[in-house]
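One file, query_7.txt, carrying compact mmCIF, C-alpha atoms and all ligand atoms:
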```txt
# COMPACT_ATOMS: atom_id res chain seq x y z
CA MET A 1 -2.90 9.28 31.80
CA SER A 2 -0.45 11.23 29.71
CA LEU A 3 2.61 10.10 27.80
CA VAL A 4 5.46 12.23 26.57
CA ILE A 5 7.57 11.07 23.63
CA LYS A 6 10.84 12.73 24.48
CA GLY A 7 13.88 13.92 22.60
CA GLY A 8 13.03 12.70 19.12
CA HIS A 9 13.29 14.29 15.67
CA VAL A 10 9.64 15.17 15.04
CA ILE A 11 8.75 15.14 11.35
CA ASP A 12 5.28 16.09 10.12
CA PRO A 13 5.30 16.58 6.34
CA ALA A 14 1.70 17.90 6.35
CA SER A 15 2.77 21.02 8.27
CA GLY A 16 6.42 21.08 7.22
CA LEU A 17 7.59 20.45 10.79
CA SER A 18 11.05 18.88 11.16
CA ASP A 19 12.68 19.66 14.52
CA MET A 20 13.96 18.20 17.79
CA LEU A 21 10.83 18.30 19.97
CA ASP A 22 8.73 16.41 22.53
CA VAL A 23 5.23 15.16 21.82
CA LEU A 24 2.63 15.05 24.60
CA VAL A 25 -0.15 12.48 24.25
CA GLU A 26 -3.22 12.75 26.48
CA GLY A 27 -6.04 10.26 25.98
CA GLU A 28 -6.48 9.64 22.28
CA ASN A 29 -4.89 12.89 21.10
CA VAL A 30 -1.68 14.77 20.69
CA THR A 31 -2.17 17.77 22.94
CA ARG A 32 1.19 19.51 22.66
CA ILE A 33 4.28 19.49 20.50
CA GLY A 34 7.10 21.52 22.02
CA LYS A 35 10.24 21.66 24.11
CA ASP A 36 10.72 20.33 27.67
CA LEU A 37 7.30 18.69 28.00
CA SER A 38 6.52 16.23 30.75
CA GLY A 39 3.84 13.62 31.37
CA ASP A 40 2.91 10.69 33.63
CA GLU A 41 4.97 8.36 31.48
CA THR A 42 7.94 8.91 29.19
CA LEU A 43 8.87 7.19 25.97
CA ASP A 44 12.52 7.88 25.22
CA ALA A 45 12.89 8.77 21.54
CA CYS A 46 16.55 9.87 21.59
CA GLY A 47 18.12 9.19 18.21
CA CYS A 48 14.68 8.36 16.81
CA VAL A 49 12.32 9.94 14.32
CA VAL A 50 8.79 10.64 15.58
CA CYS A 51 6.34 10.90 12.69
CA PRO A 52 2.66 10.29 11.91
CA GLY A 53 1.64 6.63 11.82
CA LEU A 54 2.10 5.40 8.25
CA VAL A 55 -0.86 5.16 5.86
CA ASP A 56 -1.03 2.27 3.39
CA LEU A 57 -3.69 2.56 0.67
CA HIS A 58 -3.37 -1.03 -0.56
CA VAL A 59 -3.56 -4.12 1.66
CA HIS A 60 -5.28 -7.50 1.50
CA PHE A 61 -6.43 -8.70 4.93
CA ARG A 62 -8.23 -11.81 3.52
CA GLU A 63 -11.19 -11.70 5.89
CA PRO A 64 -13.74 -13.08 5.24
CA GLY A 65 -12.91 -16.22 3.30
CA PHE A 66 -9.16 -16.76 3.57
CA GLU A 67 -8.44 -16.47 7.29
CA SER A 68 -5.52 -18.92 7.15
CA LYS A 69 -3.57 -16.33 5.10
CA GLU A 70 -4.45 -13.27 7.23
CA THR A 71 -7.26 -11.82 9.30
CA ILE A 72 -8.14 -8.23 10.07
CA ALA A 73 -6.62 -8.82 13.53
CA SER A 74 -3.33 -10.38 12.34
CA GLY A 75 -2.99 -7.93 9.46
CA SER A 76 -3.44 -5.03 11.87
CA ARG A 77 -0.69 -6.42 14.13
CA ALA A 78 1.63 -6.71 11.10
CA ALA A 79 0.79 -3.09 10.26
CA ALA A 80 1.51 -1.90 13.81
CA ARG A 81 4.86 -3.74 13.75
CA GLY A 82 5.67 -1.87 10.54
CA GLY A 83 4.72 1.55 11.96
CA VAL A 84 1.46 1.65 9.96
CA THR A 85 -1.66 2.95 11.72
CA SER A 86 -4.10 3.32 8.80
CA VAL A 87 -4.75 0.85 5.99
CA VAL A 88 -7.20 0.68 3.10
CA THR A 89 -8.30 -2.94 2.60
CA MET A 90 -9.08 -4.35 -0.85
CA PRO A 91 -12.49 -5.93 -1.49
CA ASN A 92 -11.36 -9.21 -3.11
CA THR A 93 -12.36 -11.35 -0.14
CA ASN A 94 -14.82 -14.25 -0.28
CA PRO A 95 -17.56 -13.12 -0.39
CA PRO A 96 -16.26 -9.86 -1.89
CA ILE A 97 -17.00 -6.48 -0.31
CA ASP A 98 -19.59 -5.45 -2.90
CA ASN A 99 -22.61 -4.46 -0.80
CA ALA A 100 -23.34 -2.30 2.24
CA GLY A 101 -23.66 -5.32 4.55
CA MET A 102 -20.14 -6.47 3.71
CA VAL A 103 -18.67 -2.99 4.29
CA GLU A 104 -20.42 -2.99 7.67
CA PHE A 105 -18.98 -6.45 8.37
CA CYS A 106 -15.45 -5.10 7.74
CA ASN A 107 -16.05 -2.11 9.95
CA ARG A 108 -17.44 -4.27 12.75
CA ARG A 109 -14.55 -6.77 12.58
CA ALA A 110 -12.08 -3.86 12.56
CA ARG A 111 -13.73 -2.32 15.61
CA GLU A 112 -13.74 -5.65 17.44
CA THR A 113 -10.33 -7.04 16.47
CA ALA A 114 -7.97 -4.49 14.88
CA CYS A 115 -5.37 -2.51 16.83
CA ILE A 116 -5.04 0.08 14.04
CA LYS A 117 -7.45 1.93 11.72
CA VAL A 118 -8.92 -0.12 8.88
CA TRP A 119 -10.65 1.78 6.07
CA PRO A 120 -12.42 -0.60 3.67
CA SER A 121 -12.65 0.00 -0.06
CA ALA A 122 -15.51 -1.65 -1.92
CA ALA A 123 -15.87 -3.39 -5.27
CA ALA A 124 -17.00 -1.34 -8.26
CA THR A 125 -18.83 -4.25 -9.89
CA LYS A 126 -20.87 -7.04 -8.29
CA GLY A 127 -18.74 -10.04 -7.41
CA ARG A 128 -15.83 -8.15 -9.04
CA GLN A 129 -17.08 -9.72 -12.26
CA GLY A 130 -16.80 -6.57 -14.34
CA PHE A 131 -20.43 -6.45 -15.51
CA GLU A 132 -22.93 -5.05 -13.03
CA ILE A 133 -22.14 -1.80 -11.16
CA THR A 134 -22.39 -1.81 -7.36
CA GLU A 135 -24.52 0.61 -5.30
CA MET A 136 -21.65 3.04 -4.77
CA ALA A 137 -23.71 5.71 -3.00
CA GLU A 138 -24.81 3.12 -0.40
CA LEU A 139 -21.26 1.75 -0.08
CA LYS A 140 -19.96 5.23 0.58
CA ALA A 141 -22.75 5.96 3.08
CA VAL A 142 -21.66 3.02 5.27
CA GLY A 143 -17.97 3.89 5.10
CA ALA A 144 -16.30 2.65 1.91
CA VAL A 145 -13.46 5.11 1.23
CA ALA A 146 -12.89 4.20 -2.44
CA VAL A 147 -14.05 1.75 -5.10
CA THR A 148 -11.88 -0.78 -6.89
CA ASP A 149 -12.06 -4.19 -8.52
CA ASP A 150 -8.41 -4.77 -7.51
CA GLY A 151 -7.08 -8.21 -8.31
CA SER A 152 -8.37 -7.74 -11.82
CA ASP A 153 -9.45 -4.97 -14.18
CA ILE A 154 -12.84 -4.23 -15.71
CA GLN A 155 -12.35 -5.57 -19.24
CA SER A 156 -15.30 -3.90 -20.98
CA SER A 157 -14.51 -0.26 -21.71
CA TRP A 158 -18.26 0.43 -21.76
CA VAL A 159 -18.69 -0.88 -18.22
CA MET A 160 -15.56 0.97 -17.09
CA ARG A 161 -16.95 4.23 -18.45
CA ARG A 162 -20.21 3.76 -16.51
CA VAL A 163 -18.30 2.76 -13.35
CA LEU A 164 -16.19 5.92 -13.56
CA GLU A 165 -19.24 8.10 -14.22
CA TYR A 166 -20.99 6.68 -11.17
CA ALA A 167 -17.85 6.96 -9.01
CA ALA A 168 -17.51 10.63 -10.07
CA MET A 169 -21.15 11.25 -9.18
CA CYS A 170 -20.56 9.74 -5.72
CA ASP A 171 -17.26 11.63 -5.37
CA LEU A 172 -15.36 8.37 -4.87
CA VAL A 173 -11.85 7.72 -6.19
CA TYR A 174 -11.59 4.69 -8.46
CA MET A 175 -8.44 2.69 -7.66
CA ALA A 176 -7.37 0.89 -10.82
CA HIS A 177 -5.55 -2.43 -11.09
CA CYS A 178 -4.57 -2.12 -14.75
CA GLU A 179 -4.53 -5.40 -16.64
CA ASP A 180 -5.71 -6.49 -20.08
CA ALA A 181 -6.77 -10.06 -19.22
CA SER A 182 -6.81 -11.16 -22.86
CA LEU A 183 -2.99 -10.91 -22.89
CA MET A 184 -2.60 -13.01 -19.72
CA GLU A 185 -2.49 -16.46 -21.43
CA GLY A 186 -1.40 -18.22 -18.24
CA GLY A 187 1.45 -15.76 -17.69
CA ALA A 188 3.33 -16.13 -14.42
CA MET A 189 6.13 -13.54 -14.59
CA ASN A 190 7.36 -10.60 -16.67
CA GLU A 191 7.77 -11.54 -20.33
CA GLY A 192 11.41 -11.08 -21.27
CA LEU A 193 14.85 -12.62 -21.26
CA VAL A 194 14.49 -14.15 -17.80
CA SER A 195 11.11 -15.77 -18.50
CA THR A 196 12.55 -17.19 -21.71
CA LYS A 197 15.59 -18.59 -19.89
CA LEU A 198 13.41 -20.13 -17.18
CA GLY A 199 10.86 -21.41 -19.71
CA LEU A 200 8.00 -19.70 -17.86
CA PRO A 201 4.99 -18.13 -19.60
CA GLY A 202 5.34 -14.34 -19.65
CA MET A 203 3.12 -11.35 -18.96
CA PRO A 204 4.07 -8.53 -21.35
CA LYS A 205 4.31 -5.01 -19.91
CA GLN A 206 1.76 -3.96 -22.52
CA MET A 207 -0.88 -5.85 -20.50
CA GLU A 208 -0.54 -3.18 -17.83
CA GLU A 209 0.32 -0.18 -20.00
CA ILE A 210 -2.65 -0.51 -22.40
CA MET A 211 -5.05 -0.42 -19.46
CA ILE A 212 -3.27 2.43 -17.65
CA ASP A 213 -3.77 4.44 -20.84
CA ARG A 214 -7.38 3.30 -21.38
CA ASN A 215 -8.39 3.85 -17.76
CA ILE A 216 -6.91 7.36 -17.64
CA ARG A 217 -8.68 8.26 -20.92
CA LEU A 218 -12.02 6.94 -19.66
CA ALA A 219 -11.58 8.78 -16.36
CA ALA A 220 -11.02 12.02 -18.29
CA LEU A 221 -14.16 11.30 -20.34
CA SER A 222 -16.21 10.66 -17.18
CA GLY A 223 -14.77 13.42 -14.99
CA ALA A 224 -13.68 10.80 -12.45
CA ARG A 225 -10.69 10.79 -10.15
CA ILE A 226 -8.57 7.76 -10.91
CA HIS A 227 -5.71 6.31 -8.87
CA ILE A 228 -3.41 3.87 -10.68
CA GLN A 229 -2.38 1.04 -8.36
CA HIS A 230 1.02 -0.65 -8.21
CA VAL A 231 2.58 0.85 -11.34
CA SER A 232 5.56 -1.32 -12.32
CA SER A 233 6.88 -0.35 -15.75
CA GLU A 234 8.77 2.52 -17.35
CA GLU A 235 6.19 3.13 -20.08
CA GLY A 236 3.41 2.93 -17.47
CA ILE A 237 5.12 5.81 -15.68
CA ASN A 238 5.51 7.75 -18.94
CA ILE A 239 1.77 7.48 -19.66
CA ILE A 240 0.95 8.78 -16.17
CA ARG A 241 3.50 11.59 -16.44
CA ARG A 242 1.99 12.77 -19.74
CA ALA A 243 -1.55 12.63 -18.31
CA LYS A 244 -0.46 14.74 -15.35
CA GLU A 245 1.19 17.27 -17.67
CA GLN A 246 -2.17 17.54 -19.46
CA GLY A 247 -3.79 18.37 -16.13
CA LEU A 248 -5.84 15.16 -15.83
CA GLN A 249 -7.04 13.99 -12.39
CA VAL A 250 -4.73 11.02 -12.03
CA THR A 251 -2.61 9.81 -9.14
CA CYS A 252 -0.54 6.66 -8.73
CA GLU A 253 1.24 4.45 -6.25
CA THR A 254 4.07 1.97 -6.46
CA ALA A 255 5.20 -0.72 -4.02
CA PRO A 256 8.67 -1.28 -2.51
CA HIS A 257 9.31 -4.45 -4.54
CA TYR A 258 9.11 -2.49 -7.79
CA TRP A 259 12.02 -0.21 -6.84
CA THR A 260 14.14 -2.90 -5.19
CA LEU A 261 13.83 -6.04 -7.33
CA SER A 262 13.88 -6.96 -11.01
CA ASP A 263 12.59 -10.17 -12.62
CA GLU A 264 16.01 -11.72 -11.92
CA ALA A 265 14.72 -12.19 -8.34
CA VAL A 266 12.49 -15.01 -9.58
CA THR A 267 15.64 -17.10 -10.09
CA ARG A 268 16.64 -16.62 -6.42
CA CYS A 269 13.33 -16.32 -4.56
CA GLY A 270 11.01 -18.53 -6.63
CA THR A 271 7.32 -18.08 -5.90
CA ASN A 272 8.06 -15.43 -3.25
CA ALA A 273 8.99 -13.19 -6.20
CA LYS A 274 5.68 -13.88 -7.97
CA MET A 275 3.27 -10.98 -7.90
CA ASN A 276 0.89 -9.13 -10.22
CA PRO A 277 1.98 -6.92 -11.88
CA PRO A 278 5.19 -8.96 -12.02
CA LEU A 279 8.70 -7.72 -11.23
CA ARG A 280 9.96 -6.03 -14.37
CA GLU A 281 13.42 -5.47 -15.88
CA ALA A 282 16.33 -3.49 -14.40
CA SER A 283 15.49 -0.52 -16.67
CA ASP A 284 11.96 -0.42 -15.23
CA VAL A 285 13.31 -0.51 -11.66
CA ARG A 286 15.50 2.51 -12.53
CA ALA A 287 12.51 4.32 -14.06
CA ILE A 288 10.37 3.73 -10.95
CA ARG A 289 13.15 5.08 -8.69
CA GLN A 290 13.51 8.12 -10.95
CA ALA A 291 9.74 8.70 -10.93
CA ILE A 292 9.70 8.66 -7.13
CA ALA A 293 12.54 11.20 -7.04
CA GLU A 294 10.74 13.42 -9.59
CA GLY A 295 7.41 13.28 -7.76
CA VAL A 296 5.50 11.56 -10.57
CA ILE A 297 4.59 8.83 -8.07
CA ASP A 298 2.17 10.23 -5.51
CA CYS A 299 2.48 7.69 -2.73
CA ILE A 300 3.90 4.39 -1.60
CA ALA A 301 1.63 1.43 -0.87
CA THR A 302 2.55 -2.17 -0.08
CA ASP A 303 -0.01 -4.34 -1.90
CA HIS A 304 0.42 -6.56 1.20
CA ALA A 305 -0.83 -9.89 -0.20
CA PRO A 306 -0.40 -12.76 2.27
CA HIS A 307 -0.48 -16.42 1.15
CA THR A 308 0.27 -19.52 3.22
CA VAL A 309 3.49 -21.50 2.87
CA THR A 310 1.62 -24.49 1.38
CA GLU A 311 0.03 -22.30 -1.28
CA LYS A 312 3.38 -20.79 -2.29
CA ASP A 313 5.36 -24.05 -2.02
CA VAL A 314 4.27 -25.34 -5.45
CA GLU A 315 5.41 -25.13 -9.09
CA PHE A 316 5.90 -21.50 -10.11
CA GLN A 317 2.97 -21.43 -12.52
CA LEU A 318 0.54 -22.80 -9.93
CA ALA A 319 1.46 -20.43 -7.09
CA PRO A 320 -0.81 -17.47 -6.27
CA PHE A 321 0.36 -13.91 -6.97
CA GLY A 322 1.48 -11.62 -4.14
CA ILE A 323 3.87 -10.98 -1.26
CA VAL A 324 3.55 -9.55 2.26
CA GLY A 325 4.85 -6.02 2.69
CA LEU A 326 3.68 -4.22 5.82
CA GLU A 327 6.62 -5.18 8.01
CA THR A 328 9.32 -4.20 5.49
CA LEU A 329 7.71 -1.04 4.02
CA LEU A 330 9.48 1.56 6.16
CA SER A 331 12.92 -0.11 6.11
CA LEU A 332 12.93 -0.69 2.35
CA THR A 333 12.00 2.95 1.88
CA LEU A 334 14.73 4.19 4.23
CA THR A 335 17.39 1.84 2.86
CA GLU A 336 16.66 1.98 -0.87
CA LEU A 337 15.32 5.52 -1.29
CA VAL A 338 16.62 7.72 1.53
CA GLN A 339 20.03 6.14 2.10
CA ALA A 340 20.47 5.84 -1.65
CA GLY A 341 19.97 9.62 -1.87
CA LEU A 342 16.87 9.54 -4.11
CA VAL A 343 14.57 11.41 -1.71
CA ARG A 344 15.04 13.25 1.57
CA LEU A 345 13.79 11.64 4.79
CA GLU A 346 10.94 14.18 5.09
CA ARG A 347 9.72 13.44 1.56
CA ALA A 348 9.94 9.66 2.11
CA ILE A 349 7.73 10.04 5.18
CA GLU A 350 5.32 12.25 3.23
CA LEU A 351 4.96 9.50 0.59
CA MET A 352 3.78 7.15 3.37
CA THR A 353 1.67 9.56 5.47
CA ALA A 354 0.25 12.90 4.32
CA ALA A 355 0.30 12.07 0.60
CA PRO A 356 -1.82 8.88 0.71
CA ALA A 357 -4.16 10.32 3.38
CA ARG A 358 -4.77 13.44 1.26
CA LEU A 359 -5.44 11.33 -1.81
CA LEU A 360 -8.52 9.72 -0.25
CA GLY A 361 -9.30 12.48 2.25
CA LEU A 362 -8.62 10.22 5.23
CA PRO A 363 -8.36 11.88 8.66
CA ALA A 364 -4.85 10.45 9.10
CA GLY A 365 -1.22 10.95 8.16
CA GLU A 366 -0.45 14.06 10.21
CA LEU A 367 0.93 14.92 13.60
CA ARG A 368 -0.63 18.04 15.09
CA GLU A 369 -1.89 19.39 18.38
CA GLY A 370 -5.50 18.33 18.81
CA GLY A 371 -5.20 15.54 16.23
CA PRO A 372 -5.33 11.79 16.86
CA ALA A 373 -2.19 10.31 18.44
CA ASP A 374 -1.37 7.96 15.56
CA ILE A 375 2.42 7.93 15.80
CA CYS A 376 5.40 5.95 14.54
CA VAL A 377 8.70 6.12 16.45
CA PHE A 378 11.63 4.62 14.59
CA ASP A 379 15.42 4.55 14.77
CA PRO A 380 16.60 5.50 11.26
CA GLU A 381 20.16 4.26 11.85
CA ALA A 382 19.53 0.89 13.54
CA GLN A 383 19.76 -2.20 11.33
CA TRP A 384 17.91 -5.51 11.31
CA THR A 385 17.83 -8.64 9.21
CA VAL A 386 14.49 -9.70 7.74
CA GLU A 387 13.29 -12.95 9.32
CA ALA A 388 9.85 -13.88 8.07
CA ALA A 389 9.41 -16.35 10.95
CA LYS A 390 9.19 -13.33 13.27
CA PHE A 391 6.49 -11.52 11.28
CA ALA A 392 3.23 -10.71 13.04
CA SER A 393 1.49 -11.50 9.75
CA LEU A 394 0.11 -15.04 9.50
CA SER A 395 2.02 -15.38 6.22
CA ARG A 396 5.71 -15.55 5.38
CA ASN A 397 5.80 -14.89 1.64
CA THR A 398 8.55 -12.30 1.28
CA PRO A 399 11.41 -12.10 -1.24
CA PHE A 400 13.43 -10.06 1.30
CA GLU A 401 14.28 -12.91 3.72
CA GLY A 402 17.82 -12.45 5.07
CA ARG A 403 18.15 -8.90 3.75
CA LEU A 404 19.95 -6.42 6.02
CA LEU A 405 17.86 -3.24 6.25
CA LYS A 406 18.16 0.13 7.93
CA GLY A 407 15.38 1.54 10.11
CA VAL A 408 13.81 -0.15 13.12
CA VAL A 409 10.32 0.66 14.43
CA LYS A 410 10.60 1.27 18.19
CA ALA A 411 6.96 1.97 18.96
CA THR A 412 3.65 2.53 17.23
CA LEU A 413 0.72 4.39 18.78
CA CYS A 414 -2.84 4.44 17.50
CA ASP A 415 -5.35 6.79 19.13
CA GLY A 416 -2.89 7.26 21.99
CA ARG A 417 -2.53 3.52 22.73
CA ILE A 418 0.81 1.78 22.31
CA VAL A 419 -0.08 -0.93 19.76
CA TYR A 420 3.47 -2.08 19.14
CA ARG A 421 6.66 -1.72 21.12
CA GLN A 422 10.00 -3.29 20.19
CA SER A 423 10.91 -5.87 22.82
ZN ZN B 501 -3.78 -5.34 -7.81
```

Structure re-expressed in C-alpha cells:
Amino acid sequence: MSLVIKGGHVIDPASGLSDMLDVLVEGENVTRIGKDLSGDETLDACGCVVCPGLVDLHVHFREPGFESKETIASGSRAAARGGVTSVVTMPNTNPPIDNAGMVEFCNRRARETACIKVWPSAAATKGRQGFEITEMAELKAVGAVAVTDDGSDIQSSWVMRRVLEYAAMCDLVYMAHCEDASLMEGGAMNEGLVSTKLGLPGMPKQMEEIMIDRNIRLAALSGARIHIQHVSSEEGINIIRRAKEQGLQVTCETAPHYWTLSDEAVTRCGTNAKMNPPLREASDVRAIRQAIAEGVIDCIATDHAPHTVTEKDVEFQLAPFGIVGLETLLSLTLTELVQAGLVRLERAIELMTAAPARLLGLPAGELREGGPADICVFDPEAQWTVEAAKFASLSRNTPFEGRLLKGVVKATLCDGRIVYRQS
C-alpha cells in the first residue's frame, strides 16, 4: 500500500526544503518527495503544511504508578493529536526509571501500547534521591536516551559533579531541572507582586538561576553535555547566553506557557496556572520571546505534566505542579511566535523537529526520501478553540481553555501509519 500526501507546502528544516511538493509514503518510509506523484491512496494537503512529526524532549506519561493521570497509551494519543511523533519521557514515575529493568519496561509498554515513538530518559541518581549514581552505562545499553532527575535537582554539588562526569563518560546528555530546594519554603508560585497580592508563598527566580549557573559550571568542569530544561526567567536566559558565548556545551529548552503567560494568569486560571518553574513576570515573558527569536533557546518542549481534576481542584498551595501541553504545542507556537512575527514558520518547525532530535541524536525530526514516514500535516490558517474536554490526554489541566488559536493538525503519521486524522 502506498499513500501520497498531495499538494502541501513541504517543510523540512533539516535539509532546508520549503516548497510545494507531494510526499509518497510506501510501507514505513517516505520513498519520494517530488511533483505529480501518485499512490494507492491520496491525502489531500492543499493549503496545509507537511513537515516532520514533531519531537518533544520533555513529557511525563505517568506510567507506572499514576495511570489515572496518563498512561503511555493515552499520552501517545495526545501526542499524535498534537502532531508529535517522538517524545522523551521523564523518569519520575513510581517506581522511578532508575534501573535497566525499568527502562525495558517503558520500551515494552511503548511497543505494546503507544501509537508514536517513546524514547525513555532515565534517572541520574537512585530513586531520584540525589545521592547514589545510577548505572548509566547499563541504562544507555537498554535504550535510555538521556539522564535526568527531572522534577527536582541534585542538591549536593559534589554528587552533581560525579553525575556529570559519569554522564560524560557514557556520552549521555544530562537534562537539568534547575532548582535550589533550600529556597523552596513551601513556595507555590513566582515570588513577586502577584504572590504578595494573593497572599501565596513565593518561589524566587534565584531558586532556578543559581542552579542554572552551578549546573553549567559543573558541566564545564566535568566535560559533560548539559541541557537546561524549561528555562523561565530573564536572568536564567542571560546565564545561558553568556555560557554559550564562552563556548560551553550547553543547550536549553523552554515551554509554550513561558512565552504566553505571566504570573497574572494564576489570578484567572488558579491551579491550572501552577507549574514548576512557575510562570514569571511580564518582563521574563518578553525575555523568553526575545531569546527564541535570537536563537539562544535551542528547542521547544512541552513539559506535558498531566494531573487529574480532583488533584488540581484543591487550595492553590496543595495542588500539584504542572499542566498538559502536547495538544496545544503547535498552535501556541504558530499563534504566539510565527503570527506574532518573532520567528519564521520554517524556524518554528525546526525548534520542534530537527533541533530537539539533533540535541539527543534521535533518528527523528526530518523528512527525507528513505527516512521513516513520521509526518505532521497541519492547516496553518485554520482556527480552533481549546476545549480540554476533547483532549485525548486523560487529564484536563490547561490554562488555555477557551483560547482561540491558529493552526489545526489534519493528520499525523508515524512509521507510515495514520495515527491521528481530524474528524
Ligand atoms: Zn522539571

Inset, instruction - May I ask you to write as a PyMOL selection string all residues lying at most 6 Å from ligand ZN 501 (chain B), with only C-alpha atoms and all ligand atoms counted? - result: chain A and resi 150-151+177

Inset, instruction - Pick out the closest residue to Ile210 (chain A) from this set: A:Gly236, A:Gly34, A:Gly39, A:Gly127. Count only C-alpha atoms. - result: A:Gly236

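Counting all atoms listed in the file, the residue from A:Ala220, A:Ile97, A:Ser152, A:Ile375 that sits nearest to Gly416 (chain A) is A:Ile375.
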
Inset, instruction - Pick out the closest residue to Met184 (chain A) from this set: A:Ala80, A:Met207, A:Leu43, A:Ala124. Count only C-alpha atoms. - result: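 Closest to Met184 (chain A), using only C-alpha atoms: A:Met207.
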
Legend entry - Protein and nucleic acid residues near (7.6, 13.6, -5.0) (cut-off 9 Å, only C-alpha atoms) as a list in words: Ala291, Ile292, Ala293, Glu294, Gly295, Val296, Ile297, Asp298, Cys299, Val343, Arg347, Ala348, Glu350 and Leu351 of chain A

Okay, now the selection with C-alpha atoms, as a compact mmCIF listing (two decimals), in the coordinates of the input?
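Heads up, here's the output in selection_37.txt:
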```
# COMPACT_ATOMS: atom_id res chain seq x y z
CA ALA A 291 9.74 8.70 -10.93
CA ILE A 292 9.70 8.66 -7.13
CA ALA A 293 12.54 11.20 -7.04
CA GLU A 294 10.74 13.42 -9.59
CA GLY A 295 7.41 13.28 -7.76
CA VAL A 296 5.50 11.56 -10.57
CA ILE A 297 4.59 8.83 -8.07
CA ASP A 298 2.17 10.23 -5.51
CA CYS A 299 2.48 7.69 -2.73
CA VAL A 343 14.57 11.41 -1.71
CA ARG A 347 9.72 13.44 1.56
CA ALA A 348 9.94 9.66 2.11
CA GLU A 350 5.32 12.25 3.23
CA LEU A 351 4.96 9.50 0.59
```

Legend entry - Counting all atoms listed in the file, the option among A:Ile72, A:Leu24, A:Val386, A:Cys48 closest to Gly8 (chain A):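 Nearest candidate to Gly8 (chain A) out of A:Ile72, A:Leu24, A:Val386, A:Cys48: A:Cys48.
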
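The interatomic distance for the pair CA of Val408 (chain A) and CA of Ala382 (chain A) works out to 5.8 Å.
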
Inset, instruction - Would you kindly return, as a ChimeraX atom specification, each protein, DNA or RNA residue with an atom no farther than 8 Å from any atom of Gly143 (chain A), considering only C-alpha atoms and excluding same-chain residues fewer than 5 positions away? - result: /A:103-104,107,119-120

Coordinates of region 373-408 of chain A, C-alpha atoms, as a CSV table (one decimal), in the first residue's frame:
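The result, written out as result-v7.csv:
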```csv
chain,number,residue,atom,x,y,z
A,373,ALA,CA,7.4,8.4,7.4
A,374,ASP,CA,6.8,10.3,10.7
A,375,ILE,CA,4.8,13.3,9.3
A,376,CYS,CA,2.6,16.1,10.6
A,377,VAL,CA,0.1,17.7,8.2
A,378,PHE,CA,-1.5,20.9,9.5
A,379,ASP,CA,-3.5,23.8,8.3
A,380,PRO,CA,-1.6,26.9,9.4
A,381,GLU,CA,-4.5,29.3,8.8
A,382,ALA,CA,-7.4,27.3,10.3
A,383,GLN,CA,-8.5,28.3,13.9
A,384,TRP,CA,-9.9,26.3,16.8
A,385,THR,CA,-10.9,27.0,20.4
A,386,VAL,CA,-9.2,25.0,23.1
A,387,GLU,CA,-11.6,22.6,24.8
A,388,ALA,CA,-9.9,20.4,27.3
A,389,ALA,CA,-12.9,18.0,27.4
A,390,LYS,CA,-11.9,17.0,23.9
A,391,PHE,CA,-8.3,16.2,24.7
A,392,ALA,CA,-7.0,12.7,24.0
A,393,SER,CA,-5.0,13.1,27.2
A,394,LEU,CA,-6.6,11.6,30.3
A,395,SER,CA,-6.0,14.9,32.0
A,396,ARG,CA,-7.6,18.4,31.5
A,397,ASN,CA,-5.2,20.7,33.4
A,398,THR,CA,-4.6,23.5,30.9
A,399,PRO,CA,-4.6,27.3,31.4
A,400,PHE,CA,-5.5,27.8,27.8
A,401,GLU,CA,-9.2,26.6,28.0
A,402,GLY,CA,-11.3,28.8,25.7
A,403,ARG,CA,-8.4,30.3,23.9
A,404,LEU,CA,-8.7,30.8,20.1
A,405,LEU,CA,-5.6,29.5,18.4
A,406,LYS,CA,-4.3,29.3,14.8
A,407,GLY,CA,-3.1,26.0,13.4
A,408,VAL,CA,-5.1,22.8,13.2
```
